[in-house]
file entry36.csv (CSV, C-alpha atoms and all ligand atoms)
chain,number,residue,atom,x,y,z
G,1,MET,CA,-52.0,57.0,80.1
G,2,GLN,CA,-52.9,55.0,77.0
G,3,ASN,CA,-50.6,52.2,78.2
G,4,THR,CA,-52.3,52.1,81.6
G,5,PHE,CA,-55.7,51.9,79.9
G,6,TYR,CA,-54.5,49.1,77.6
G,7,ALA,CA,-53.0,47.2,80.6
G,8,LYS,CA,-56.3,47.5,82.6
G,9,SER,CA,-58.3,46.3,79.5
G,10,THR,CA,-56.0,43.3,79.1
G,11,ILE,CA,-56.4,42.3,82.7
G,12,PHE,CA,-60.2,42.7,82.4
G,13,VAL,CA,-60.3,40.4,79.3
G,14,TYR,CA,-57.9,38.0,80.9
G,15,MET,CA,-60.1,37.8,84.0
G,16,GLN,CA,-63.2,37.2,81.9
G,17,GLN,CA,-61.5,34.4,80.0
G,18,LYS,CA,-60.2,32.9,83.2
G,19,SER,CA,-63.6,32.5,84.8
G,20,ILE,CA,-65.0,31.2,81.5
G,21,SER,CA,-62.3,28.7,81.1
G,22,ILE,CA,-62.5,27.6,84.8
G,23,LEU,CA,-66.3,26.9,84.4
G,24,SER,CA,-65.8,25.3,81.0
G,25,LYS,CA,-63.3,22.9,82.5
G,26,THR,CA,-65.7,22.0,85.3
G,27,ILE,CA,-68.6,21.5,82.9
G,28,SER,CA,-66.4,19.4,80.5
G,29,LYS,CA,-66.0,16.8,83.3
G,30,LEU,CA,-69.8,16.1,83.1
G,31,PRO,CA,-70.8,12.9,81.3
G,32,GLY,CA,-71.2,13.3,77.6
G,33,LEU,CA,-69.7,16.8,77.4
G,34,GLY,CA,-66.3,17.6,75.8
G,35,PRO,CA,-64.4,20.9,76.1
G,36,ARG,CA,-66.0,22.4,73.0
G,37,ILE,CA,-69.6,21.8,74.1
G,38,ALA,CA,-68.7,23.0,77.6
G,39,LYS,CA,-67.3,26.3,76.3
G,40,LYS,CA,-70.5,26.8,74.2
G,41,ILE,CA,-72.6,26.2,77.2
G,42,VAL,CA,-70.7,28.7,79.3
G,43,LEU,CA,-70.8,31.3,76.5
G,44,ASN,CA,-74.6,30.8,76.2
G,45,LEU,CA,-74.9,31.2,80.0
G,46,ALA,CA,-72.8,34.4,80.0
G,47,LEU,CA,-74.9,35.9,77.2
G,48,ASN,CA,-78.3,35.0,78.7
G,49,LYS,CA,-77.8,35.9,82.3
G,50,GLU,CA,-81.5,36.7,83.1
G,51,LYS,CA,-83.1,33.9,81.1
G,52,THR,CA,-80.8,31.0,81.7
G,53,LEU,CA,-77.9,31.8,84.1
G,54,ILE,CA,-79.9,33.1,87.1
G,55,PRO,CA,-82.6,30.3,87.0
G,56,LEU,CA,-79.8,27.7,86.7
G,57,ILE,CA,-77.9,29.1,89.7
G,58,GLN,CA,-81.2,28.8,91.7
G,59,GLN,CA,-81.9,25.3,90.5
G,60,LEU,CA,-78.4,24.1,91.2
G,61,GLN,CA,-78.7,25.5,94.8
G,62,ASP,CA,-82.0,23.6,95.1
G,63,ILE,CA,-80.3,20.4,94.0
G,64,TYR,CA,-77.5,21.0,96.4
G,65,HIS,CA,-79.8,21.7,99.4
G,66,LYS,CA,-82.7,19.4,98.7
G,67,VAL,CA,-81.5,16.2,96.9
G,68,GLN,CA,-80.3,13.4,99.1
G,69,HIS,CA,-79.8,9.7,99.1
G,70,CYS,CA,-82.8,7.6,100.3
G,71,ASN,CA,-82.0,6.1,103.7
G,72,ILE,CA,-83.4,2.7,102.6
G,73,CYS,CA,-82.4,2.1,99.0
G,74,GLY,CA,-79.8,4.8,98.0
G,75,ASN,CA,-82.0,6.4,95.3
G,76,LEU,CA,-81.9,10.2,95.0
G,77,ASP,CA,-85.0,12.2,96.1
G,78,GLU,CA,-85.9,15.3,98.1
G,79,SER,CA,-86.8,13.4,101.3
G,80,PRO,CA,-85.0,10.9,103.5
G,81,ILE,CA,-87.2,8.1,102.1
G,82,CYS,CA,-87.7,8.1,98.4
G,83,ASN,CA,-90.9,8.0,96.4
G,84,ILE,CA,-90.4,4.3,95.4
G,85,CYS,CA,-89.7,3.1,99.0
G,86,ASN,CA,-92.7,5.2,100.2
G,87,ASN,CA,-95.1,3.7,97.6
G,88,HIS,CA,-96.8,0.8,99.4
G,89,ASN,CA,-98.6,-0.2,96.3
G,90,ARG,CA,-95.3,-1.5,95.0
G,91,ASP,CA,-94.3,-5.2,95.5
G,92,GLN,CA,-92.4,-5.0,98.9
G,93,GLN,CA,-91.2,-8.6,98.5
G,94,THR,CA,-89.0,-8.2,95.4
G,95,VAL,CA,-85.8,-6.1,95.4
G,96,CYS,CA,-83.7,-5.3,92.4
G,97,ILE,CA,-80.0,-4.5,93.1
G,98,VAL,CA,-78.5,-2.0,90.7
G,99,GLU,CA,-75.1,-0.3,90.6
G,100,GLU,CA,-76.1,3.3,90.0
G,101,VAL,CA,-79.1,5.6,90.4
G,102,ALA,CA,-79.1,6.0,86.6
G,103,ASP,CA,-79.7,2.2,86.3
G,104,LEU,CA,-82.7,2.5,88.7
G,105,TRP,CA,-84.1,5.3,86.6
G,106,ALA,CA,-83.5,3.2,83.4
G,107,ILE,CA,-85.6,0.3,84.9
G,108,GLU,CA,-88.3,2.7,86.0
G,109,ARG,CA,-88.4,4.3,82.6
G,110,ILE,CA,-89.4,0.9,80.9
G,111,ASN,CA,-92.4,0.6,83.3
G,112,VAL,CA,-92.4,-3.2,83.7
G,113,TYR,CA,-91.1,-3.5,87.2
G,114,GLN,CA,-93.1,-2.8,90.4
G,115,GLY,CA,-90.8,-4.0,93.1
G,116,CYS,CA,-88.2,-2.2,95.3
G,117,PHE,CA,-84.6,-1.3,94.6
G,118,HIS,CA,-81.2,-1.2,96.2
G,119,VAL,CA,-78.6,1.1,94.7
G,120,LEU,CA,-75.0,0.0,95.4
G,121,GLY,CA,-73.4,3.3,94.3
G,122,GLY,CA,-70.9,1.6,91.9
G,123,ASN,CA,-69.3,-1.8,91.5
G,124,LEU,CA,-66.4,-3.5,93.1
G,125,CYS,CA,-63.2,-2.4,91.5
G,126,ALA,CA,-59.8,-2.9,93.0
G,127,LEU,CA,-58.1,-0.4,90.6
G,128,SER,CA,-60.3,2.5,91.7
G,129,GLY,CA,-60.4,1.4,95.3
G,130,LYS,CA,-64.1,0.4,95.3
G,131,THR,CA,-64.4,-2.1,98.1
G,132,PRO,CA,-67.6,-3.6,99.8
G,133,THR,CA,-67.2,-1.0,102.6
G,134,SER,CA,-67.1,1.9,100.2
G,135,LEU,CA,-70.3,0.8,98.5
G,136,ASN,CA,-73.8,0.6,99.8
G,137,ILE,CA,-73.4,-3.1,100.4
G,138,ASN,CA,-73.5,-3.4,104.2
G,139,ASN,CA,-76.9,-1.6,104.2
G,140,LEU,CA,-78.1,-4.1,101.6
G,141,PHE,CA,-77.2,-7.1,103.8
G,142,ASN,CA,-78.8,-5.4,106.9
G,143,ARG,CA,-81.9,-4.8,104.9
G,144,LEU,CA,-82.1,-8.4,103.6
G,145,GLN,CA,-81.8,-9.7,107.2
G,146,GLN,CA,-84.5,-7.3,108.5
G,147,GLN,CA,-87.0,-7.5,105.6
G,148,GLN,CA,-88.3,-10.8,104.1
G,149,PHE,CA,-88.0,-10.8,100.3
G,150,LYS,CA,-89.3,-13.5,98.0
G,151,GLU,CA,-87.0,-12.6,95.1
G,152,ILE,CA,-83.7,-10.7,94.9
G,153,ILE,CA,-82.9,-9.6,91.3
G,154,ILE,CA,-79.2,-9.0,90.6
G,155,ALA,CA,-79.1,-6.3,87.9
G,156,THR,CA,-75.5,-5.3,87.9
G,157,SER,CA,-73.8,-4.4,84.6
G,158,ALA,CA,-72.7,-7.1,82.2
G,159,THR,CA,-69.0,-5.9,82.7
G,160,ILE,CA,-66.3,-7.8,84.5
G,161,ASN,CA,-66.6,-5.5,87.6
G,162,GLY,CA,-70.4,-5.8,87.5
G,163,GLN,CA,-70.2,-9.6,87.4
G,164,ASN,CA,-67.6,-9.7,90.1
G,165,THR,CA,-69.9,-7.6,92.2
G,166,ALA,CA,-72.8,-9.8,91.5
G,167,ASN,CA,-70.8,-13.0,92.5
G,168,PHE,CA,-69.6,-11.3,95.7
G,169,ILE,CA,-73.2,-10.3,96.7
G,170,VAL,CA,-74.7,-13.7,95.8
G,171,ASP,CA,-71.9,-15.5,97.9
G,172,GLN,CA,-72.8,-13.4,100.9
G,173,ILE,CA,-76.5,-13.8,100.5
G,174,GLN,CA,-76.2,-17.6,100.2
G,175,GLN,CA,-74.3,-17.6,103.5
G,176,MET,CA,-77.3,-15.8,105.1
G,177,HIS,CA,-79.5,-18.8,104.3
G,178,LEU,CA,-82.4,-16.6,103.3
G,179,ASN,CA,-85.6,-18.2,102.1
G,180,CYS,CA,-85.7,-16.4,98.7
G,181,LYS,CA,-85.0,-16.8,95.0
G,182,ILE,CA,-82.0,-15.0,93.5
G,183,THR,CA,-82.3,-14.1,89.9
G,184,ARG,CA,-80.3,-12.1,87.3
G,185,LEU,CA,-81.1,-10.3,84.1
G,186,ALA,CA,-81.3,-12.6,81.1
G,187,TYR,CA,-81.3,-12.2,77.4
G,188,GLY,CA,-80.4,-9.3,75.3
G,189,ILE,CA,-77.7,-7.6,77.4
G,190,PRO,CA,-74.5,-7.3,75.4
G,191,VAL,CA,-71.4,-8.3,77.3
G,192,GLY,CA,-69.6,-5.2,78.6
G,193,SER,CA,-72.6,-3.0,78.6
G,194,GLU,CA,-74.0,-0.7,81.3
G,195,LEU,CA,-77.7,-0.7,82.0
G,196,ASP,CA,-78.2,3.0,81.6
G,197,TYR,CA,-77.0,2.8,78.0
G,198,LEU,CA,-79.3,0.0,76.9
G,199,ASP,CA,-82.4,0.8,74.8
G,200,ASP,CA,-85.8,0.3,76.5
G,201,GLY,CA,-86.7,-2.8,74.5
G,202,THR,CA,-83.5,-4.7,75.4
G,203,LEU,CA,-83.8,-3.8,79.0
G,204,SER,CA,-87.5,-4.8,79.2
G,205,ILE,CA,-86.7,-8.2,77.7
G,206,ALA,CA,-83.7,-8.7,80.0
G,207,LEU,CA,-85.8,-7.9,83.1
G,208,LEU,CA,-88.9,-9.9,82.1
G,209,SER,CA,-86.9,-13.0,81.1
G,210,ARG,CA,-84.6,-13.0,84.2
G,211,LYS,CA,-83.3,-16.4,85.3
G,212,ASP,CA,-82.0,-18.0,88.4
G,213,PHE,CA,-78.6,-16.9,89.5
G,214,ASP,CA,-76.3,-20.0,89.2
V,301,ZN,ZN,-85.7,4.5,98.5

call {"tool": "encode", "arguments": {"input": "entry36.csv", "output": "structure tokens", "more": "lines below"}}
Ligand SMILES: [Zn+2]
result
Amino acid sequence: MQNTFYAKSTIFVYMQQKSISILSKTISKLPGLGPRIAKKIVLNLALNKEKTLIPLIQQLQDIYHKVQHCNICGNLDESPICNICNNHNRDQQTVCIVEEVADLWAIERINVYQGCFHVLGGNLCALSGKTPTSLNINNLFNRLQQQQFKEIIIATSATINGQNTANFIVDQIQQMHLNCKITRLAYGIPVGSELDYLDDGTLSIALLSRKDFD
């Protein structure tokens, strides 16, 4: 009898640990979180079901059901056209091309840019299979052909993949013979860095002192 009870308890503990370790593993894949922090988060959630876990489940469902890519620029928002594309007070003749939504948000955070955006969804990388068709590049070219811009700012990362992506896009744009200026971010961006990780001052200077793409 005792043995049966012991066996049942062991299974119960094992099941508990199993679900905790599965969730910990998933959370540890999120940017900036390692396995130890992930486990702490899961324990905190398990110990605070009413206050933290239940609201979090609801909020994650909201994100899943409501958040989507903007049909125009690729930003994330709760409607098919994002707040930035919908804001007609913004400069509709300047478009800033970035790799990730996080880069768009980084530029918005510094509050010096009032134009439009286009989010590529990554950069060209043969190793990880990122080709022009797997990125939001065709939509960019369609957009450039349909809408007249005075300036196109290439704000891809200062990494090899970012620069290769920039060169590919500029080559294609030049073949379209558009009547617009192509610029890129200038001073202050360390080689190899991603926009989202730059401090606000460095990113502001880089954006304000952008130069012609040569
Ligand atoms: Zn948009």

call {"tool": "closest_residue", "arguments": {"input": "entry36.csv", "among": "G:Leu203, G:Ile20, G:Leu30, G:Ala158", "to": "Leu45 (chain G)", "atoms": "only C-alpha atoms"}}
result
G:Ile20

call {"tool": "closest_atom_pairs", "arguments": {"input": "entry36.csv", "of": "chain G", "to": "ligand ZN 301 (chain V)", "cutoff": "8 Å", "atoms": "all atoms listed in the file", "output": "JSON lines"}}
result
{"residue": "G:His69", "atom": "CA", "partner": "V:ZN301", "partner_atom": "ZN", "distance": 7.9}
{"residue": "G:Cys70", "atom": "CA", "partner": "V:ZN301", "partner_atom": "ZN", "distance": 4.6}
{"residue": "G:Asn71", "atom": "CA", "partner": "V:ZN301", "partner_atom": "ZN", "distance": 6.6}
{"residue": "G:Ile72", "atom": "CA", "partner": "V:ZN301", "partner_atom": "ZN", "distance": 5.0}
{"residue": "G:Cys73", "atom": "CA", "partner": "V:ZN301", "partner_atom": "ZN", "distance": 4.1}
{"residue": "G:Gly74", "atom": "CA", "partner": "V:ZN301", "partner_atom": "ZN", "distance": 5.9}
{"residue": "G:Asn75", "atom": "CA", "partner": "V:ZN301", "partner_atom": "ZN", "distance": 5.2}
{"residue": "G:Leu76", "atom": "CA", "partner": "V:ZN301", "partner_atom": "ZN", "distance": 7.7}
{"residue": "G:Ile81", "atom": "CA", "partner": "V:ZN301", "partner_atom": "ZN", "distance": 5.3}
{"residue": "G:Cys82", "atom": "CA", "partner": "V:ZN301", "partner_atom": "ZN", "distance": 4.1}
{"residue": "G:Asn83", "atom": "CA", "partner": "V:ZN301", "partner_atom": "ZN", "distance": 6.6}
{"residue": "G:Ile84", "atom": "CA", "partner": "V:ZN301", "partner_atom": "ZN", "distance": 5.6}
{"residue": "G:Cys85", "atom": "CA", "partner": "V:ZN301", "partner_atom": "ZN", "distance": 4.3}
{"residue": "G:Asn86", "atom": "CA", "partner": "V:ZN301", "partner_atom": "ZN", "distance": 7.2}
{"residue": "G:Cys116", "atom": "CA", "partner": "V:ZN301", "partner_atom": "ZN", "distance": 7.8}
{"residue": "G:Phe117", "atom": "CA", "partner": "V:ZN301", "partner_atom": "ZN", "distance": 7.1}
{"residue": "G:His118", "atom": "CA", "partner": "V:ZN301", "partner_atom": "ZN", "distance": 7.6}

call {"tool": "residues_near_point", "arguments": {"input": "entry36.csv", "point": "(-75.6, 1.3, 94.5)", "cutoff": "9 Å", "atoms": "all atoms listed in the file", "output": "PDB file with C-alpha atoms, in the coordinates of the input"}}
result
ATOM      1  CA  CYS G  73     -82.400   2.100  99.000  1.00  0.00           C
ATOM      2  CA  GLY G  74     -79.800   4.800  98.000  1.00  0.00           C
ATOM      3  CA  ASN G  75     -82.000   6.400  95.300  1.00  0.00           C
ATOM      4  CA  ILE G  97     -80.000  -4.500  93.100  1.00  0.00           C
ATOM      5  CA  VAL G  98     -78.500  -2.000  90.700  1.00  0.00           C
ATOM      6  CA  GLU G  99     -75.100  -0.300  90.600  1.00  0.00           C
ATOM      7  CA  GLU G 100     -76.100   3.300  90.000  1.00  0.00           C
ATOM      8  CA  VAL G 101     -79.100   5.600  90.400  1.00  0.00           C
ATOM      9  CA  HIS G 118     -81.200  -1.200  96.200  1.00  0.00           C
ATOM     10  CA  VAL G 119     -78.600   1.100  94.700  1.00  0.00           C
ATOM     11  CA  LEU G 120     -75.000   0.000  95.400  1.00  0.00           C
ATOM     12  CA  GLY G 121     -73.400   3.300  94.300  1.00  0.00           C
ATOM     13  CA  GLY G 122     -70.900   1.600  91.900  1.00  0.00           C
ATOM     14  CA  ASN G 123     -69.300  -1.800  91.500  1.00  0.00           C
ATOM     15  CA  LEU G 135     -70.300   0.800  98.500  1.00  0.00           C
ATOM     16  CA  ASN G 136     -73.800   0.600  99.800  1.00  0.00           C
ATOM     17  CA  ILE G 137     -73.400  -3.100 100.400  1.00  0.00           C
TER      18      ILE G 137
END

call {"tool": "closest_residue", "arguments": {"input": "entry36.csv", "among": "G:Gln17, G:Asn161, G:Gln146, G:Asn89", "to": "Thr131 (chain G)", "atoms": "only C-alpha atoms"}}
result
G:Asn161

call {"tool": "atom_distance", "arguments": {"input": "entry36.csv", "atom1": "CA of Asn111 (chain G)", "atom2": "CA of Leu208 (chain G)"}}
result
11.1 Å

call {"tool": "atom_distance", "arguments": {"input": "entry36.csv", "atom1": "CA of Ile160 (chain G)", "atom2": "CA of Gly192 (chain G)"}}
result
7.2 Å

call {"tool": "atom_distance", "arguments": {"input": "entry36.csv", "atom1": "CA of Thr159 (chain G)", "atom2": "CA of Lys25 (chain G)"}}
result
29.4 Å

call {"tool": "residues_around", "arguments": {"input": "entry36.csv", "residues": "Gly115 (chain G)", "least_positions_apart": "3", "cutoff": "12 Å", "atoms": "only C-alpha atoms", "output": "number ranges by chain"}}
result
G: 73, 84-97, 104, 107-108, 111-112, 118, 149-153, 207

call {"tool": "closest_residue", "arguments": {"input": "entry36.csv", "among": "G:Ala102, G:Val67, G:Ile22, G:Val170", "to": "Tyr197 (chain G)", "atoms": "all atoms listed in the file"}}
result
G:Ala102

call {"tool": "residues_around", "arguments": {"input": "entry36.csv", "residues": "Asp212 (chain G)", "least_positions_apart": "5", "cutoff": "8 Å", "atoms": "only C-alpha atoms", "output": "PyMOL selection string"}}
result
chain G and resi 181-184

call {"tool": "residues_around", "arguments": {"input": "entry36.csv", "residues": "Gln68 (chain G)", "least_positions_apart": "2", "cutoff": "7 Å", "atoms": "all atoms listed in the file", "output": "VMD selection string"}}
result
chain G and resid 66 70 76 to 80

call {"tool": "closest_residue", "arguments": {"input": "entry36.csv", "among": "G:Leu185, G:Leu127, G:Met176, G:Leu140", "to": "Ala155 (chain G)", "atoms": "only C-alpha atoms"}}
result
G:Leu185

call {"tool": "closest_residue", "arguments": {"input": "entry36.csv", "among": "G:Leu53, G:Ile41, G:Ala186, G:Ala106", "to": "Ile205 (chain G)", "atoms": "all atoms listed in the file"}}
result
G:Ala186

call {"tool": "decode", "arguments": {"input": "entry36.csv", "residues": "region 120-135 of chain G", "atoms": "N, CA, C and O atoms", "output": "compact mmCIF listing (two decimals), in the first residue's frame"}}
result
# COMPACT_ATOMS: atom_id res chain seq x y z
N LEU G 120 12.01 44.54 -43.52
CA LEU G 120 12.35 43.41 -44.40
C LEU G 120 12.07 42.05 -43.76
O LEU G 120 11.87 41.06 -44.46
N GLY G 121 12.10 42.00 -42.43
CA GLY G 121 11.92 40.71 -41.75
C GLY G 121 13.21 39.90 -41.68
O GLY G 121 13.16 38.67 -41.62
N GLY G 122 14.36 40.59 -41.70
CA GLY G 122 15.66 39.90 -41.61
C GLY G 122 16.62 40.46 -42.63
O GLY G 122 16.38 41.52 -43.22
N ASN G 123 17.72 39.75 -42.84
CA ASN G 123 18.65 40.16 -43.90
C ASN G 123 19.02 38.94 -44.75
O ASN G 123 18.75 37.80 -44.37
N LEU G 124 19.60 39.22 -45.90
CA LEU G 124 19.95 38.12 -46.80
C LEU G 124 21.09 37.31 -46.20
O LEU G 124 22.12 37.87 -45.82
N CYS G 125 20.89 36.02 -46.09
CA CYS G 125 21.92 35.17 -45.48
C CYS G 125 21.81 33.78 -46.09
O CYS G 125 20.85 33.06 -45.84
N ALA G 126 22.82 33.44 -46.92
CA ALA G 126 22.78 32.16 -47.62
C ALA G 126 22.78 31.00 -46.62
O ALA G 126 22.07 30.00 -46.81
N LEU G 127 23.54 31.14 -45.53
CA LEU G 127 23.66 30.04 -44.57
C LEU G 127 22.34 29.67 -43.92
O LEU G 127 22.04 28.50 -43.70
N SER G 128 21.53 30.71 -43.58
CA SER G 128 20.25 30.40 -42.93
C SER G 128 19.10 30.38 -43.94
O SER G 128 17.93 30.38 -43.54
N GLY G 129 19.45 30.38 -45.22
CA GLY G 129 18.42 30.23 -46.26
C GLY G 129 17.55 31.46 -46.47
O GLY G 129 16.45 31.36 -47.02
N LYS G 130 18.03 32.63 -46.02
CA LYS G 130 17.24 33.87 -46.22
C LYS G 130 17.55 34.44 -47.61
O LYS G 130 18.64 34.95 -47.86
N THR G 131 16.58 34.31 -48.50
CA THR G 131 16.74 34.80 -49.86
C THR G 131 15.79 35.99 -50.07
O THR G 131 14.91 36.23 -49.23
N PRO G 132 15.92 36.72 -51.18
CA PRO G 132 15.01 37.85 -51.41
C PRO G 132 13.54 37.44 -51.34
O PRO G 132 12.70 38.20 -50.87
N THR G 133 13.22 36.20 -51.79
CA THR G 133 11.81 35.80 -51.79
C THR G 133 11.30 35.47 -50.38
O THR G 133 10.10 35.53 -50.12
N SER G 134 12.23 35.12 -49.46
CA SER G 134 11.77 34.80 -48.11
C SER G 134 11.68 36.05 -47.24
O SER G 134 11.16 36.00 -46.13
N LEU G 135 12.18 37.17 -47.74
CA LEU G 135 12.05 38.43 -47.00
C LEU G 135 10.95 39.28 -47.63
O LEU G 135 10.44 38.96 -48.70
